[in-house]
>>> print(open('entry.cif').read())   # mmCIF, C-alpha atoms
data_entry
#
loop_
_atom_site.label_atom_id
_atom_site.label_comp_id
_atom_site.auth_asym_id
_atom_site.auth_seq_id
_atom_site.Cartn_x
_atom_site.Cartn_y
_atom_site.Cartn_z
CA MET I 278 111.07 -88.86 -30.10
CA ALA I 279 112.00 -88.20 -33.73
CA GLN I 280 112.08 -84.65 -35.01
CA TYR I 281 109.75 -83.52 -37.78
CA THR I 282 112.52 -83.26 -40.37
CA GLU I 283 113.69 -86.82 -39.56
CA LEU I 284 110.17 -88.13 -40.07
CA VAL I 285 109.86 -86.31 -43.41
CA GLN I 286 113.14 -87.83 -44.63
CA LYS I 287 112.04 -91.29 -43.48
CA TYR I 288 108.76 -91.09 -45.36
CA LYS I 289 110.42 -89.71 -48.50
CA LYS I 290 112.60 -92.82 -48.56
CA ARG I 291 109.51 -95.02 -48.25
CA GLN I 292 107.93 -93.28 -51.22
CA LYS I 293 110.87 -94.42 -53.37
CA ASP I 294 110.16 -98.02 -52.41
CA THR I 295 106.48 -97.60 -53.23
CA LEU I 296 107.35 -96.12 -56.62
CA LEU I 297 109.73 -98.98 -57.39
CA ASP I 298 107.15 -101.59 -56.38
CA THR I 299 104.40 -99.89 -58.38
CA VAL I 300 106.55 -99.62 -61.51
CA SER I 301 107.58 -103.27 -61.32
CA THR I 302 103.95 -104.36 -60.85
CA GLY I 303 102.92 -102.15 -63.77
CA LEU I 304 105.61 -103.68 -65.97
CA SER I 305 104.36 -107.12 -65.05
CA PHE I 306 100.84 -106.20 -66.14
CA ALA I 307 102.12 -104.49 -69.28
CA ASP I 308 103.87 -107.73 -70.25
CA ASN I 309 100.67 -109.71 -69.63
CA VAL I 310 98.70 -107.24 -71.74
CA ALA I 311 101.24 -107.51 -74.58
CA VAL I 312 101.01 -111.30 -74.52
CA ASP I 313 97.20 -111.28 -74.39
CA LEU I 314 96.93 -108.77 -77.24
CA GLY I 315 99.14 -110.97 -79.39
CA LEU I 316 102.01 -108.52 -79.69
CA LEU I 317 104.47 -111.27 -78.74
CA GLU I 318 102.68 -114.06 -80.58
CA ASP I 319 105.59 -114.98 -82.85
CA ALA I 320 108.08 -114.94 -79.98
CA GLY I 321 107.27 -118.46 -78.68
CA VAL I 322 109.84 -119.23 -75.99
CA LEU I 323 110.50 -115.51 -75.47
CA ALA I 324 106.85 -114.92 -74.54
CA ASP I 325 106.91 -117.73 -71.98
CA THR I 326 110.18 -116.48 -70.52
CA LEU I 327 108.93 -112.90 -70.32
CA GLU I 328 105.75 -114.02 -68.60
CA THR I 329 107.69 -115.93 -65.95
CA VAL I 330 110.22 -113.16 -65.42
CA SER I 331 107.60 -110.41 -65.26
CA THR I 332 105.59 -112.33 -62.67
CA ALA I 333 108.63 -112.86 -60.44
CA LEU I 334 110.19 -109.42 -61.05
CA PRO I 335 108.20 -107.44 -58.45
CA PHE I 336 108.86 -110.02 -55.74
CA ALA I 337 112.57 -110.25 -56.59
CA LEU I 338 112.93 -106.46 -56.51
CA VAL I 339 111.36 -106.30 -53.05
CA ALA I 340 113.71 -108.95 -51.68
CA VAL I 341 116.81 -107.42 -53.27
CA THR I 342 116.09 -103.83 -52.21
CA GLU I 343 115.35 -104.78 -48.60
CA GLN I 344 118.50 -106.91 -48.36
CA CYS I 345 120.56 -104.07 -49.86
CA LYS I 346 119.29 -101.80 -47.08
CA VAL I 347 120.55 -104.30 -44.51
CA ILE I 348 123.93 -104.65 -46.22
CA LEU I 349 124.34 -100.86 -46.43
CA GLY I 350 123.41 -100.53 -42.75
CA LYS I 351 120.29 -98.45 -43.34
CA THR I 352 118.04 -100.87 -41.47
CA THR I 353 118.21 -103.86 -39.18
CA GLN I 354 117.62 -107.43 -40.30
CA ARG I 355 114.39 -107.61 -38.29
CA ALA I 356 112.99 -104.38 -39.75
CA ALA I 357 113.95 -105.51 -43.24
CA ALA I 358 112.16 -108.82 -42.73
CA GLU I 359 109.01 -107.03 -41.57
CA ASN I 360 109.17 -104.60 -44.49
CA THR I 361 109.77 -107.43 -46.93
CA VAL I 362 106.74 -109.37 -45.73
CA TYR I 363 104.51 -106.30 -45.91
CA ARG I 364 105.75 -105.30 -49.36
CA LEU I 365 105.38 -108.87 -50.68
CA VAL I 366 101.83 -109.13 -49.37
CA LYS I 367 101.00 -105.72 -50.84
CA THR I 368 102.49 -106.69 -54.21
CA GLY I 369 100.68 -110.04 -54.24
CA ALA I 370 97.35 -108.43 -53.37
CA ALA I 371 97.83 -105.77 -56.04
CA MET I 372 98.70 -108.35 -58.68
CA GLY I 373 95.74 -110.54 -57.70
CA ALA I 374 93.32 -107.62 -57.82
CA GLY I 375 94.83 -106.53 -61.12
CA ALA I 376 94.37 -110.02 -62.57
CA LEU I 377 90.72 -110.02 -61.49
CA ALA I 378 90.21 -106.56 -62.98
CA PHE I 379 91.92 -107.70 -66.19
CA ALA I 380 89.56 -110.66 -66.44
CA ALA I 381 86.51 -108.53 -65.71
CA GLY I 382 87.28 -105.25 -67.44
CA GLY I 383 90.16 -105.85 -69.79
CA PRO I 384 93.68 -104.48 -69.88
CA ALA I 385 92.66 -100.88 -69.22
CA ALA I 386 91.34 -101.81 -65.76
CA ALA I 387 94.27 -103.95 -64.55
CA ILE I 388 96.97 -101.35 -63.89
CA PRO I 389 94.76 -98.73 -62.16
CA THR I 390 93.24 -101.44 -59.98
CA ALA I 391 96.65 -102.75 -58.94
CA MET I 392 97.87 -99.25 -58.09
CA SER I 393 94.68 -98.49 -56.17
CA VAL I 394 95.07 -101.62 -54.04
CA ARG I 395 98.63 -100.59 -53.18
CA VAL I 396 97.50 -97.10 -52.18
CA LEU I 397 94.62 -98.45 -50.08
CA MET I 398 96.90 -100.86 -48.25
CA ASP I 399 99.38 -98.04 -47.51
CA GLN I 400 96.58 -95.83 -46.20
CA TYR I 401 95.28 -98.64 -44.00
CA LYS I 402 98.73 -99.30 -42.54
CA SER I 403 99.30 -95.59 -41.94
CA LYS I 404 95.99 -95.19 -40.11
CA ALA I 405 96.55 -98.35 -38.08
CA LEU I 406 99.98 -97.14 -36.96
CA LEU I 407 98.56 -93.72 -36.15
CA GLY I 408 95.86 -95.36 -34.01
CA ALA I 409 98.48 -97.38 -32.14
CA ARG I 410 100.61 -94.28 -31.49
CA VAL I 411 97.59 -92.32 -30.22
CA HIS I 412 96.61 -95.21 -27.93
CA ASN I 413 100.13 -95.48 -26.48
CA ARG I 414 100.36 -91.73 -25.88
CA THR I 415 96.93 -91.70 -24.25
CA GLU I 416 97.98 -94.48 -21.88
CA ARG I 417 101.17 -92.61 -21.08
CA LEU I 418 99.21 -89.44 -20.27
CA ARG I 419 96.84 -91.41 -18.03
CA GLY I 420 99.81 -92.78 -16.12
CA ILE I 421 101.27 -89.30 -15.70
CA CYS I 422 97.92 -87.96 -14.46
CA THR I 423 97.66 -90.81 -11.93
CA ARG I 424 101.15 -90.10 -10.56
CA LEU I 425 100.44 -86.37 -10.30
CA LYS I 426 97.23 -87.04 -8.36
CA GLN I 427 99.07 -89.38 -5.99
CA ARG I 428 101.74 -86.75 -5.37
CA GLN I 429 99.10 -84.10 -4.69
CA LEU I 430 97.42 -86.41 -2.17
CA GLY I 431 100.75 -87.03 -0.42
CA PHE I 432 101.45 -90.56 -1.60
CA VAL I 433 104.37 -91.76 -3.66
CA PRO I 434 103.86 -94.92 -5.76
CA GLY I 435 106.20 -97.81 -5.04
CA GLU I 436 106.59 -101.47 -5.94
CA ASP I 437 104.55 -102.70 -2.98
CA GLY I 438 101.90 -99.99 -3.12
CA ALA I 439 101.68 -96.30 -2.26
CA TYR I 440 103.84 -94.93 0.56
CA PRO I 441 103.20 -91.71 2.46
CA ALA I 442 105.27 -88.82 1.15
CA LEU I 443 108.25 -88.05 3.35
CA PRO I 444 109.96 -84.68 3.81
CA CYS I 445 112.97 -83.89 1.61
CA GLY I 446 116.14 -85.64 2.71
CA VAL I 447 114.30 -88.41 4.60
CA GLU I 448 114.30 -91.88 3.12
CA LEU I 449 112.06 -94.83 3.90
CA VAL I 450 114.12 -97.80 5.11
CA ASP I 451 112.66 -101.29 5.25
CA ALA I 452 113.52 -103.13 8.46
CA GLU I 453 114.33 -106.77 8.01
#
>>> encode(input="entry.cif", output="structure tokens")
Amino acid sequence: MAQYTELVQKYKKRQKDTLLDTVSTGLSFADNVAVDLGLLEDAGVLADTLETVSTALPFALVAVTEQCKVILGKTTQRAAAENTVYRLVKTGAAMGAGALAFAAGGPAAAIPTAMSVRVLMDQYKSKALLGARVHNRTERLRGICTRLKQRQLGFVPGEDGAYPALPCGVELVDAE
């Protein structure tokens, strides 16, 4: 089981990823706000290019950062793939909610909504993982309690059922 300090370091590293994803999503919305307010009206091709780049930027950053972790040996390919999928879904949901908020409430509502969706998804994942850990530990404790009760009653669990407990130094031999 991981020590407390190892867990703290692990979660501090995750917070950097969350910050990077949030900033890139915020930049994407800031670009959309600038285009919609007409600040880049005279830019023409530049405005179209910025819109495309800013939409793809958060997704590209997720893919690049996760692959860099694999290359540097900080994580396995499987873990990186799982993290990439989760981060991409979280970014897509945040951008979709931000776009809806932008349409409904204007530019001032888009960025806080996107950040709130990201935070809510992180909280949901954290609580779901906590629930799974508690369930697994509860099952483990039940198994330990069952074995202790069997020992107290004089039976030792085996593959084919429970065998009577034998004195120390005596082994049960199957005759074939």
>>> atom_distance(input="entry.cif", atom1="atom CA of I:Val362", atom2="atom CA of I:Glu283")
24.4 Å
>>> atom_distance(input="entry.cif", atom1="atom CA of I:Asp399", atom2="atom CA of I:Ala387")
18.7 Å
>>> resolve_selection(input="entry.cif", expression="the PyMOL selection byres ((chain I and resi 372-376) around 7)", output="ChimeraX atom specification")
/I:302,368-371,377-380,387-388,390-391
>>> atom_distance(input="entry.cif", atom1="atom CA of I:Arg395", atom2="atom CA of I:Tyr363")
11.0 Å
>>> closest_residue(input="entry.cif", among="I:Lys367, I:Arg414, I:Gly420, I:Gly382", to="I:Leu397", atoms="all atoms listed in the file")
I:Lys367
>>> closest_residue(input="entry.cif", among="I:Val396, I:Ala405, I:Ala357, I:Leu365", to="I:Leu338", atoms="all atoms listed in the file")
I:Leu365
